[in-house]
file final.tsv (TSV, C-alpha atoms and all ligand atoms)
chain	number	residue	atom	x	y	z
A	523	MET	CA	34.11	-19.12	14.98
A	524	ASP	CA	31.10	-20.05	17.04
A	525	ILE	CA	27.86	-19.33	15.31
A	526	LYS	CA	24.24	-19.46	16.39
A	527	PHE	CA	20.83	-18.49	15.07
A	528	GLU	CA	17.68	-17.06	16.52
A	529	HIS	CA	14.30	-17.15	14.77
A	530	LYS	CA	12.57	-13.76	14.90
A	531	ILE	CA	9.04	-12.74	14.05
A	532	PHE	CA	8.35	-9.06	13.50
A	533	GLN	CA	4.81	-7.74	13.82
A	534	PHE	CA	3.70	-5.07	11.33
A	535	LYS	CA	2.21	-1.93	12.88
A	536	THR	CA	-0.45	-2.01	10.18
A	537	PRO	CA	-0.98	-5.00	7.90
A	538	SER	CA	0.96	-4.10	4.77
A	539	GLY	CA	-0.20	-4.78	1.21
A	540	THR	CA	2.68	-6.02	-0.92
A	541	SER	CA	2.97	-7.82	-4.22
A	542	ARG	CA	2.89	-11.04	-2.15
A	543	GLY	CA	-0.43	-10.30	-0.47
A	544	ILE	CA	-1.20	-8.63	2.85
A	545	LEU	CA	1.50	-9.19	5.45
A	546	THR	CA	0.83	-9.05	9.20
A	547	GLU	CA	4.16	-10.48	10.32
A	548	LYS	CA	7.58	-11.05	8.90
A	549	GLN	CA	10.18	-13.72	9.61
A	550	ALA	CA	13.90	-13.41	9.97
A	551	TRP	CA	16.80	-15.23	11.58
A	552	PHE	CA	19.51	-13.33	13.40
A	553	ILE	CA	23.00	-14.80	13.12
A	554	GLN	CA	25.40	-14.30	15.99
A	555	ILE	CA	29.05	-15.15	15.50
A	556	MET	CA	31.65	-15.20	18.25
A	557	GLU	CA	35.39	-15.44	18.10
A	558	ASN	CA	38.18	-14.10	20.23
A	559	GLY	CA	35.75	-12.56	22.71
A	560	LYS	CA	34.10	-10.49	19.99
A	561	ILE	CA	30.52	-10.78	18.76
A	562	GLY	CA	29.00	-10.01	15.34
A	563	LEU	CA	25.30	-9.81	14.51
A	564	GLY	CA	23.62	-10.20	11.14
A	565	GLU	CA	20.14	-10.72	9.76
A	566	CYS	CA	18.84	-13.32	7.32
A	567	SER	CA	15.58	-11.82	6.10
A	568	VAL	CA	13.10	-13.70	3.94
A	569	ILE	CA	9.89	-12.86	2.08
A	570	PRO	CA	7.95	-16.08	1.40
A	571	GLY	CA	7.08	-16.36	-2.28
A	572	LEU	CA	9.80	-13.93	-3.31
A	573	SER	CA	13.03	-15.06	-1.61
A	574	PRO	CA	14.61	-17.66	-3.91
A	575	ASP	CA	16.11	-19.45	-0.89
A	576	TYR	CA	13.03	-19.80	1.32
A	577	GLU	CA	10.42	-22.57	1.13
A	578	SER	CA	9.54	-23.32	4.74
A	579	ILE	CA	10.88	-22.77	8.24
A	580	GLU	CA	12.15	-26.34	8.34
A	581	GLN	CA	13.91	-26.14	4.98
A	582	TYR	CA	15.43	-22.75	5.87
A	583	GLU	CA	16.70	-23.94	9.24
A	584	LYS	CA	18.39	-26.87	7.47
A	585	LEU	CA	20.24	-24.36	5.32
A	586	LEU	CA	21.19	-22.41	8.42
A	587	SER	CA	22.61	-25.58	9.98
A	588	LYS	CA	24.63	-26.18	6.84
A	589	LEU	CA	25.92	-22.64	7.01
A	590	ARG	CA	26.83	-23.11	10.67
A	591	GLU	CA	28.75	-26.28	9.87
A	592	LEU	CA	30.75	-24.60	7.12
A	593	ALA	CA	31.32	-21.34	9.02
A	594	SER	CA	32.42	-23.01	12.28
A	595	ALA	CA	35.54	-24.24	10.48
A	596	ILE	CA	36.57	-20.65	9.66
A	597	ASN	CA	38.90	-18.74	11.96
A	598	LEU	CA	38.19	-15.08	11.45
A	599	THR	CA	41.45	-14.21	13.19
A	600	ASP	CA	43.20	-15.69	10.10
A	601	PHE	CA	41.82	-12.68	8.23
A	602	GLU	CA	42.90	-10.13	10.85
A	603	GLY	CA	43.93	-6.80	9.40
A	604	GLN	CA	41.44	-6.95	6.54
A	605	LYS	CA	38.29	-4.90	6.68
A	606	GLU	CA	34.97	-4.44	4.96
A	607	TYR	CA	35.05	-5.47	1.25
A	608	ASP	CA	38.62	-6.83	1.55
A	609	LEU	CA	37.62	-9.07	4.44
A	610	LEU	CA	34.58	-10.45	2.59
A	611	THR	CA	36.61	-10.93	-0.59
A	612	ALA	CA	39.32	-12.84	1.32
A	613	ILE	CA	36.64	-15.13	2.81
A	614	LYS	CA	35.18	-15.59	-0.68
A	615	GLU	CA	38.56	-16.59	-2.08
A	616	LYS	CA	39.71	-18.81	0.76
A	617	THR	CA	36.54	-20.62	1.90
A	618	ARG	CA	33.60	-22.45	0.35
A	619	ILE	CA	30.94	-20.17	1.87
A	620	TYR	CA	30.30	-18.07	-1.23
A	621	SER	CA	30.39	-20.91	-3.73
A	622	ASP	CA	28.21	-23.22	-1.60
A	623	PHE	CA	25.74	-20.46	-0.73
A	624	GLU	CA	25.64	-18.64	-4.07
A	625	LYS	CA	21.98	-19.61	-4.52
A	626	TYR	CA	21.00	-18.41	-1.04
A	627	PRO	CA	21.32	-14.61	-1.01
A	628	SER	CA	19.51	-14.03	2.29
A	629	LEU	CA	21.85	-16.43	4.10
A	630	LEU	CA	24.89	-14.90	2.45
A	631	PHE	CA	23.77	-11.41	3.43
A	632	GLY	CA	23.14	-12.50	7.03
A	633	PHE	CA	26.56	-14.10	7.21
A	634	GLU	CA	28.31	-11.14	5.56
A	635	SER	CA	26.64	-8.65	7.89
A	636	ALA	CA	27.59	-10.70	10.97
A	637	VAL	CA	31.22	-10.92	9.81
A	638	LEU	CA	31.40	-7.17	9.12
A	639	ASN	CA	29.88	-6.42	12.50
A	640	TRP	CA	32.33	-8.79	14.23
A	641	SER	CA	35.23	-7.12	12.47
A	642	ALA	CA	34.00	-3.58	13.28
A	643	GLY	CA	33.55	-4.53	16.94
A	644	LYS	CA	30.75	-2.04	17.65
A	645	SER	CA	27.00	-2.43	17.79
A	646	GLU	CA	25.32	-1.38	14.50
A	647	LEU	CA	28.63	-0.82	12.73
A	648	TYR	CA	29.29	-2.60	9.41
A	649	PHE	CA	30.93	0.00	7.16
A	650	ASP	CA	32.59	2.97	8.82
A	651	THR	CA	31.49	5.83	6.57
A	652	PRO	CA	30.55	9.50	7.14
A	653	PHE	CA	26.94	8.23	7.07
A	654	TYR	CA	27.63	5.94	10.04
A	655	GLN	CA	29.36	8.85	11.80
A	656	GLY	CA	26.18	10.90	11.41
A	657	GLU	CA	27.80	13.35	8.98
A	658	GLN	CA	25.81	12.35	5.89
A	659	LYS	CA	22.18	11.53	5.18
A	660	ILE	CA	20.76	9.40	2.39
A	661	PRO	CA	17.64	10.64	0.58
A	662	ILE	CA	15.00	7.91	0.33
A	663	ASN	CA	11.70	7.39	-1.42
A	664	GLY	CA	8.52	7.37	0.64
A	665	LEU	CA	6.71	4.12	-0.04
A	666	VAL	CA	2.95	4.09	-0.59
A	667	TRP	CA	1.57	0.67	0.28
A	668	MET	CA	-1.14	-1.02	-1.73
A	669	GLY	CA	-4.72	-0.68	-0.61
A	670	SER	CA	-7.92	1.18	-1.42
A	671	PRO	CA	-7.60	4.51	-3.32
A	672	ASP	CA	-8.46	6.43	-0.12
A	673	PHE	CA	-5.86	4.57	1.92
A	674	MET	CA	-3.23	5.25	-0.76
A	675	LYS	CA	-4.23	8.90	-1.06
A	676	ASN	CA	-3.87	9.37	2.69
A	677	GLN	CA	-0.45	7.77	2.67
A	678	MET	CA	0.64	10.12	-0.13
A	679	ALA	CA	-0.52	13.14	1.82
A	680	ASP	CA	1.39	11.85	4.88
A	681	LYS	CA	4.59	11.40	2.87
A	682	VAL	CA	4.38	14.95	1.51
A	683	GLU	CA	3.72	16.26	5.02
A	684	LEU	CA	6.75	14.35	6.33
A	685	GLY	CA	8.96	16.09	3.77
A	686	PHE	CA	9.55	13.37	1.18
A	687	ASN	CA	10.40	14.70	-2.29
A	688	CYS	CA	10.42	11.24	-3.86
A	689	ILE	CA	7.43	8.92	-3.64
A	690	LYS	CA	7.15	5.37	-4.85
A	691	MET	CA	3.74	3.87	-5.53
A	692	LYS	CA	2.75	0.35	-6.52
A	693	VAL	CA	0.68	0.12	-9.71
A	694	GLY	CA	-1.17	-2.75	-11.32
A	695	ALA	CA	-2.76	-3.77	-8.04
A	696	ILE	CA	-6.05	-1.87	-7.97
A	697	ASN	CA	-8.01	-0.50	-10.91
A	698	PHE	CA	-5.55	1.17	-13.33
A	699	GLU	CA	-7.72	4.25	-13.84
A	700	SER	CA	-7.81	4.84	-10.07
A	701	GLU	CA	-4.06	4.56	-9.95
A	702	ILE	CA	-3.69	7.12	-12.76
A	703	GLU	CA	-6.06	9.42	-10.87
A	704	LEU	CA	-3.99	9.11	-7.68
A	705	LEU	CA	-0.76	9.81	-9.51
A	706	SER	CA	-2.33	12.74	-11.41
A	707	SER	CA	-3.54	14.34	-8.20
A	708	ILE	CA	-0.08	14.28	-6.68
A	709	ARG	CA	1.60	15.40	-9.92
A	710	ASN	CA	-0.86	18.29	-10.32
A	711	ALA	CA	-0.06	19.46	-6.80
A	712	HIS	CA	3.71	18.95	-7.07
A	713	PRO	CA	5.63	19.59	-10.31
A	714	LYS	CA	8.38	17.30	-11.59
A	715	ASP	CA	11.26	19.42	-10.21
A	716	LYS	CA	9.76	19.29	-6.70
A	717	MET	CA	8.57	15.70	-6.53
A	718	ILE	CA	10.10	12.56	-8.03
A	719	LEU	CA	7.48	9.90	-8.67
A	720	ARG	CA	8.49	6.28	-9.09
A	721	VAL	CA	6.09	3.42	-9.74
A	722	ASP	CA	6.48	-0.32	-9.33
A	723	ALA	CA	4.27	-2.74	-11.27
A	724	ASN	CA	5.80	-5.91	-9.82
A	725	GLY	CA	5.30	-7.53	-13.22
A	726	ALA	CA	1.55	-6.86	-13.30
A	727	PHE	CA	1.23	-5.59	-16.89
A	728	THR	CA	0.82	-7.91	-19.85
A	729	LYS	CA	2.40	-7.77	-23.30
A	730	GLU	CA	-1.05	-6.71	-24.56
A	731	ASN	CA	-1.62	-3.74	-22.23
A	732	VAL	CA	1.91	-2.61	-21.34
A	733	HIS	CA	2.34	-0.08	-24.18
A	734	GLU	CA	-0.92	1.69	-23.53
A	735	ARG	CA	-0.28	1.78	-19.77
A	736	LEU	CA	3.30	3.02	-20.04
A	737	THR	CA	2.15	5.76	-22.42
A	738	LYS	CA	-0.49	6.93	-19.92
A	739	LEU	CA	1.97	6.81	-17.02
A	740	ALA	CA	4.63	8.67	-19.03
A	741	GLN	CA	2.29	11.67	-19.36
A	742	LEU	CA	2.65	12.16	-15.61
A	743	ASP	CA	6.41	12.85	-15.78
A	744	LEU	CA	7.37	9.80	-13.77
A	745	HIS	CA	10.98	8.99	-12.96
A	746	SER	CA	10.77	5.26	-13.74
A	747	ILE	CA	8.75	2.09	-13.50
A	748	GLU	CA	9.96	-1.09	-11.81
A	749	GLN	CA	9.36	-4.40	-13.50
A	750	PRO	CA	6.40	-3.44	-15.80
A	751	ILE	CA	6.07	-7.05	-16.99
A	752	ALA	CA	6.88	-10.28	-15.16
A	753	PRO	CA	10.47	-11.53	-15.26
A	754	ASN	CA	11.85	-14.01	-17.82
A	755	GLN	CA	10.38	-12.29	-20.89
A	756	HIS	CA	13.74	-10.92	-21.92
A	757	GLU	CA	12.90	-10.06	-25.51
A	758	SER	CA	9.80	-8.05	-24.59
A	759	MET	CA	11.61	-6.35	-21.72
A	760	ALA	CA	14.52	-5.45	-24.01
A	761	ASP	CA	12.06	-3.93	-26.52
A	762	LEU	CA	10.41	-1.86	-23.77
A	763	CYS	CA	13.80	-0.57	-22.58
A	764	LEU	CA	14.77	0.33	-26.14
A	765	GLU	CA	11.46	2.11	-26.77
A	766	ASN	CA	11.91	3.92	-23.43
A	767	ILE	CA	8.32	5.17	-23.19
A	768	LEU	CA	9.17	5.35	-19.51
A	769	PRO	CA	12.61	4.48	-18.04
A	770	ILE	CA	12.58	0.90	-16.75
A	771	ALA	CA	14.12	-0.51	-13.57
A	772	LEU	CA	14.69	-4.25	-13.22
A	773	ASP	CA	14.00	-5.77	-9.82
A	774	GLU	CA	12.55	-9.33	-9.74
A	775	GLU	CA	14.39	-9.93	-13.04
A	776	LEU	CA	17.69	-10.03	-11.11
A	777	ILE	CA	16.58	-12.77	-8.70
A	778	GLY	CA	18.28	-16.11	-9.27
A	779	ILE	CA	21.12	-14.73	-11.39
A	780	HIS	CA	24.39	-15.41	-9.61
A	781	SER	CA	27.41	-15.70	-11.87
A	782	LYS	CA	29.19	-12.67	-13.27
A	783	GLU	CA	28.72	-14.08	-16.79
A	784	ASP	CA	24.95	-14.39	-16.35
A	785	LYS	CA	24.74	-10.88	-14.91
A	786	ILE	CA	26.62	-9.49	-17.91
A	787	LYS	CA	24.40	-11.44	-20.28
A	788	LEU	CA	21.21	-10.10	-18.68
A	789	LEU	CA	22.39	-6.47	-18.66
A	790	ASP	CA	23.65	-6.67	-22.24
A	791	ASN	CA	20.50	-8.39	-23.50
A	792	ILE	CA	17.95	-6.16	-21.82
A	793	LYS	CA	19.89	-2.87	-21.49
A	794	PRO	CA	17.64	-1.48	-18.74
A	795	GLN	CA	17.74	2.16	-17.68
A	796	TYR	CA	18.07	1.13	-14.01
A	797	ILE	CA	18.59	-1.89	-11.78
A	798	ILE	CA	17.46	-2.16	-8.17
A	799	LEU	CA	19.62	-3.95	-5.63
A	800	LYS	CA	18.29	-5.73	-2.58
A	801	PRO	CA	21.19	-7.53	-0.91
A	802	SER	CA	18.92	-10.16	0.74
A	803	LEU	CA	17.53	-11.11	-2.68
A	804	HIS	CA	20.28	-10.17	-5.13
A	805	GLY	CA	23.45	-11.87	-4.01
A	806	GLY	CA	24.29	-10.37	-0.62
A	807	ILE	CA	26.82	-7.55	-0.30
A	808	LEU	CA	29.54	-8.72	-2.69
A	809	GLY	CA	26.95	-9.96	-5.18
A	810	SER	CA	25.12	-6.61	-5.15
A	811	LYS	CA	28.42	-4.73	-5.41
A	812	GLU	CA	29.24	-6.77	-8.51
A	813	TRP	CA	25.84	-5.90	-10.07
A	814	ILE	CA	26.51	-2.19	-9.40
A	815	GLU	CA	29.98	-2.32	-10.95
A	816	LEU	CA	28.75	-4.15	-14.05
A	817	ALA	CA	25.85	-1.69	-14.41
A	818	LYS	CA	28.17	1.29	-14.08
A	819	GLU	CA	30.44	-0.03	-16.85
A	820	ARG	CA	27.34	-0.07	-19.07
A	821	ASN	CA	26.02	3.37	-18.05
A	822	ILE	CA	23.06	1.75	-16.34
A	823	ASP	CA	22.02	3.58	-13.20
A	824	TRP	CA	20.87	1.83	-10.00
A	825	TRP	CA	19.56	2.32	-6.52
A	826	MET	CA	19.50	0.22	-3.38
A	827	THR	CA	16.38	-1.00	-1.62
A	828	SER	CA	15.82	-2.88	1.59
A	829	ALA	CA	13.46	-5.86	1.54
A	830	LEU	CA	11.56	-5.65	4.84
A	831	GLU	CA	14.64	-6.22	6.99
A	832	SER	CA	14.46	-5.14	10.64
A	833	ASN	CA	16.65	-2.24	11.77
A	834	LEU	CA	19.57	-4.65	12.12
A	835	GLY	CA	19.73	-5.60	8.43
A	836	LEU	CA	18.63	-2.12	7.35
A	837	ALA	CA	21.57	-0.49	9.18
A	838	CYS	CA	23.97	-2.73	7.26
A	839	ILE	CA	22.29	-2.04	3.90
A	840	ALA	CA	22.22	1.72	4.54
A	841	GLN	CA	25.94	1.76	5.45
A	842	PHE	CA	26.72	-0.36	2.37
A	843	THR	CA	24.76	2.17	0.27
A	844	SER	CA	26.81	4.99	1.81
A	845	LYS	CA	30.01	3.43	0.39
A	846	PHE	CA	28.83	4.77	-2.99
A	847	PRO	CA	28.42	8.47	-3.88
A	848	ILE	CA	25.20	9.72	-2.30
A	849	ASP	CA	23.59	11.23	-5.38
A	850	LYS	CA	20.14	9.67	-5.66
A	851	HIS	CA	17.12	8.48	-3.70
A	852	HIS	CA	17.29	4.94	-2.39
A	853	GLY	CA	14.54	2.69	-1.04
A	854	LEU	CA	15.64	2.37	2.59
A	855	GLY	CA	12.57	3.50	4.44
A	856	THR	CA	11.18	0.27	5.79
A	857	GLY	CA	12.61	0.60	9.31
A	858	SER	CA	9.51	2.00	10.96
A	859	LEU	CA	7.26	-0.90	9.94
A	860	TYR	CA	7.37	-3.12	12.98
A	861	LEU	CA	5.98	-2.91	16.48
A	862	ASN	CA	8.87	-4.97	17.85
A	863	ASN	CA	11.72	-3.66	15.71
A	864	THR	CA	15.26	-3.73	17.13
A	865	GLU	CA	16.59	-0.65	18.94
A	866	SER	CA	18.59	1.46	16.53
A	867	ARG	CA	20.29	4.77	15.90
A	868	LEU	CA	18.75	4.73	12.41
A	869	LYS	CA	16.15	7.45	11.92
A	870	VAL	CA	14.11	8.76	9.01
A	871	GLU	CA	13.65	12.53	8.99
A	872	SER	CA	12.33	14.80	6.20
A	873	GLY	CA	12.68	12.11	3.57
A	874	GLU	CA	16.23	11.11	4.54
A	875	ILE	CA	17.67	8.23	6.50
A	876	LEU	CA	20.44	8.97	8.99
A	877	PHE	CA	22.35	7.67	11.98
A	878	LYS	CA	21.75	9.68	15.10
B	901	MG	MG	10.12	-3.64	-6.94
call {"tool": "encode", "arguments": {"input": "final.tsv", "output": "structure tokens", "more": "lines below"}}
Ligand SMILES: [Mg+2]
result
Amino acid sequence: MDIKFEHKIFQFKTPSGTSRGILTEKQAWFIQIMENGKIGLGECSVIPGLSPDYESIEQYEKLLSKLRELASAINLTDFEGQKEYDLLTAIKEKTRIYSDFEKYPSLLFGFESAVLNWSAGKSELYFDTPFYQGEQKIPINGLVWMGSPDFMKNQMADKVELGFNCIKMKVGAINFESEIELLSSIRNAHPKDKMILRVDANGAFTKENVHERLTKLAQLDLHSIEQPIAPNQHESMADLCLENILPIALDEELIGIHSKEDKIKLLDNIKPQYIILKPSLHGGILGSKEWIELAKERNIDWWMTSALESNLGLACIAQFTSKFPIDKHHGLGTGSLYLNNTESRLKVESGEILFK
């Protein structure tokens, strides 16, 4: 195959407060592969400070060159007749791409999405599901970005107005009492059966304050908390999951874990209530699928989340999500963030993402 890359910079409509500081722009590289007169597009999306495979533009472009070298030797027509997961699995078994790029999930995801798009032969098609055909919608959580209490309160009101019945708010960023107040105000206005509330601490709580904080949050009938304490404190995290003051979802904890054995070890050691999959951070498509299968075997629930991809990567993640039963809210609402996002049939309406 022929393969080329294009560096993209997406401008945020409003500077967005994340666990990695305030972001005004976001980098990505689009991969374009060509073979047999067909084109496939994919997105390698990185979040500096969070993506395990990104250090600098120069270092990342070196990895992209390495990927190009390896991928150019592959003839996709050798895999003709295989689609979707089978096609990716065949490439995994017969080439070095997956083993050489195991530590680089954003590159793997970009490559996988380009291959799927090449195979599907249609713009914005990766997995042909009822969701892609416009026959199914996926409920998503409305994300409240970090900022001043007023800014967060306004965003909450907007999400309710837009029809979201699941809201996710970051905690541990501003004063904890203000965060409790914000959550209480929304809970008082919307009971548990009408509004699912998720929170994400991005590892902000300490061993000393986590019990007290989880107890306070649990009084507000929350659905779950993501990553209450920072990753790599497995014993403390396992204790918190066992105590279950509030159901716990692992997110950053999954970064950097690649082999099936290590995934099993982590799930069996910590026994979380939920895991959150972001293909650009957690092993690409096949790597995330493996996490989901291992979680399911252990009665651990999960949901999918995008990680600031443009519409291109988001379309692939949403279609991948739609390969599983649509029975929960996912975190796929980041598509409307950018001024210069790619044209797309993806829309968010009344708290659901759909293809139109
Ligand atoms: Mg998170």
call {"tool": "atom_distance", "arguments": {"input": "final.tsv", "atom1": "CA of Asn766 in chain A", "atom2": "CA of Gln795 in chain A"}}
result
8.4 Å
call {"tool": "closest_residue", "arguments": {"input": "final.tsv", "among": "A:Ser746, A:Asn597, A:Gln741, A:Asn791", "to": "ligand MG 901 (chain B)", "atoms": "all atoms listed in the file"}}
result
A:Ser746
call {"tool": "closest_residue", "arguments": {"input": "final.tsv", "among": "A:Gly778, A:Pro627, A:Pro652, A:Gly664", "to": "Thr843 in chain A", "atoms": "all atoms listed in the file"}}
result
A:Pro652
call {"tool": "residues_around", "arguments": {"input": "final.tsv", "residues": "Glu765 in chain A", "least_positions_apart": "6", "cutoff": "12 Å", "atoms": "all atoms listed in the file", "output": "list in words"}}
result
Val732, His733, Leu736, Thr737, Ser758, Met759, Ile792, Lys793, Pro794 and Gln795 of chain A
call {"tool": "closest_residue", "arguments": {"input": "final.tsv", "among": "A:Leu764, A:Gly873, A:Val721, A:Asn863", "to": "ligand MG 901 (chain B)", "atoms": "only C-alpha atoms and all ligand atoms"}}
result
A:Val721
call {"tool": "atom_distance", "arguments": {"input": "final.tsv", "atom1": "CA of Pro661 in chain A", "atom2": "CA of Gln533 in chain A"}}
result
26.0 Å
call {"tool": "build_atoms", "arguments": {"input": "final.tsv", "residues": "range 726-739 of chain A", "atoms": "N, CA and C atoms", "output": "PDB file, in the coordinates of the input"}}
result
ATOM      1  N   ALA A 726       3.013  -6.683 -13.151  1.00  0.00           N
ATOM      2  CA  ALA A 726       1.550  -6.860 -13.300  1.00  0.00           C
ATOM      3  C   ALA A 726       1.017  -6.604 -14.708  1.00  0.00           C
ATOM      4  N   PHE A 727       1.769  -5.888 -15.553  1.00  0.00           N
ATOM      5  CA  PHE A 727       1.230  -5.590 -16.890  1.00  0.00           C
ATOM      6  C   PHE A 727       1.485  -6.761 -17.841  1.00  0.00           C
ATOM      7  N   THR A 728       0.655  -6.822 -18.877  1.00  0.00           N
ATOM      8  CA  THR A 728       0.820  -7.910 -19.850  1.00  0.00           C
ATOM      9  C   THR A 728       1.405  -7.327 -21.147  1.00  0.00           C
ATOM     10  N   LYS A 729       1.864  -8.215 -21.998  1.00  0.00           N
ATOM     11  CA  LYS A 729       2.400  -7.770 -23.300  1.00  0.00           C
ATOM     12  C   LYS A 729       1.337  -6.982 -24.051  1.00  0.00           C
ATOM     13  N   GLU A 730       0.061  -7.342 -23.826  1.00  0.00           N
ATOM     14  CA  GLU A 730      -1.050  -6.710 -24.560  1.00  0.00           C
ATOM     15  C   GLU A 730      -1.328  -5.291 -24.045  1.00  0.00           C
ATOM     16  N   ASN A 731      -1.229  -5.070 -22.733  1.00  0.00           N
ATOM     17  CA  ASN A 731      -1.620  -3.740 -22.230  1.00  0.00           C
ATOM     18  C   ASN A 731      -0.437  -2.843 -21.842  1.00  0.00           C
ATOM     19  N   VAL A 732       0.780  -3.372 -21.897  1.00  0.00           N
ATOM     20  CA  VAL A 732       1.910  -2.610 -21.340  1.00  0.00           C
ATOM     21  C   VAL A 732       2.178  -1.303 -22.090  1.00  0.00           C
ATOM     22  N   HIS A 733       2.039  -1.306 -23.428  1.00  0.00           N
ATOM     23  CA  HIS A 733       2.340  -0.080 -24.180  1.00  0.00           C
ATOM     24  C   HIS A 733       1.385   1.045 -23.828  1.00  0.00           C
ATOM     25  N   GLU A 734       0.101   0.695 -23.823  1.00  0.00           N
ATOM     26  CA  GLU A 734      -0.920   1.690 -23.530  1.00  0.00           C
ATOM     27  C   GLU A 734      -0.725   2.246 -22.100  1.00  0.00           C
ATOM     28  N   ARG A 735      -0.425   1.348 -21.171  1.00  0.00           N
ATOM     29  CA  ARG A 735      -0.280   1.780 -19.770  1.00  0.00           C
ATOM     30  C   ARG A 735       0.981   2.630 -19.575  1.00  0.00           C
ATOM     31  N   LEU A 736       2.075   2.223 -20.180  1.00  0.00           N
ATOM     32  CA  LEU A 736       3.300   3.020 -20.040  1.00  0.00           C
ATOM     33  C   LEU A 736       3.104   4.406 -20.653  1.00  0.00           C
ATOM     34  N   THR A 737       2.394   4.465 -21.770  1.00  0.00           N
ATOM     35  CA  THR A 737       2.150   5.760 -22.420  1.00  0.00           C
ATOM     36  C   THR A 737       1.342   6.668 -21.500  1.00  0.00           C
ATOM     37  N   LYS A 738       0.327   6.113 -20.857  1.00  0.00           N
ATOM     38  CA  LYS A 738      -0.490   6.930 -19.920  1.00  0.00           C
ATOM     39  C   LYS A 738       0.361   7.383 -18.729  1.00  0.00           C
ATOM     40  N   LEU A 739       1.154   6.473 -18.184  1.00  0.00           N
ATOM     41  CA  LEU A 739       1.970   6.810 -17.020  1.00  0.00           C
ATOM     42  C   LEU A 739       3.026   7.862 -17.385  1.00  0.00           C
TER      43      LEU A 739
END
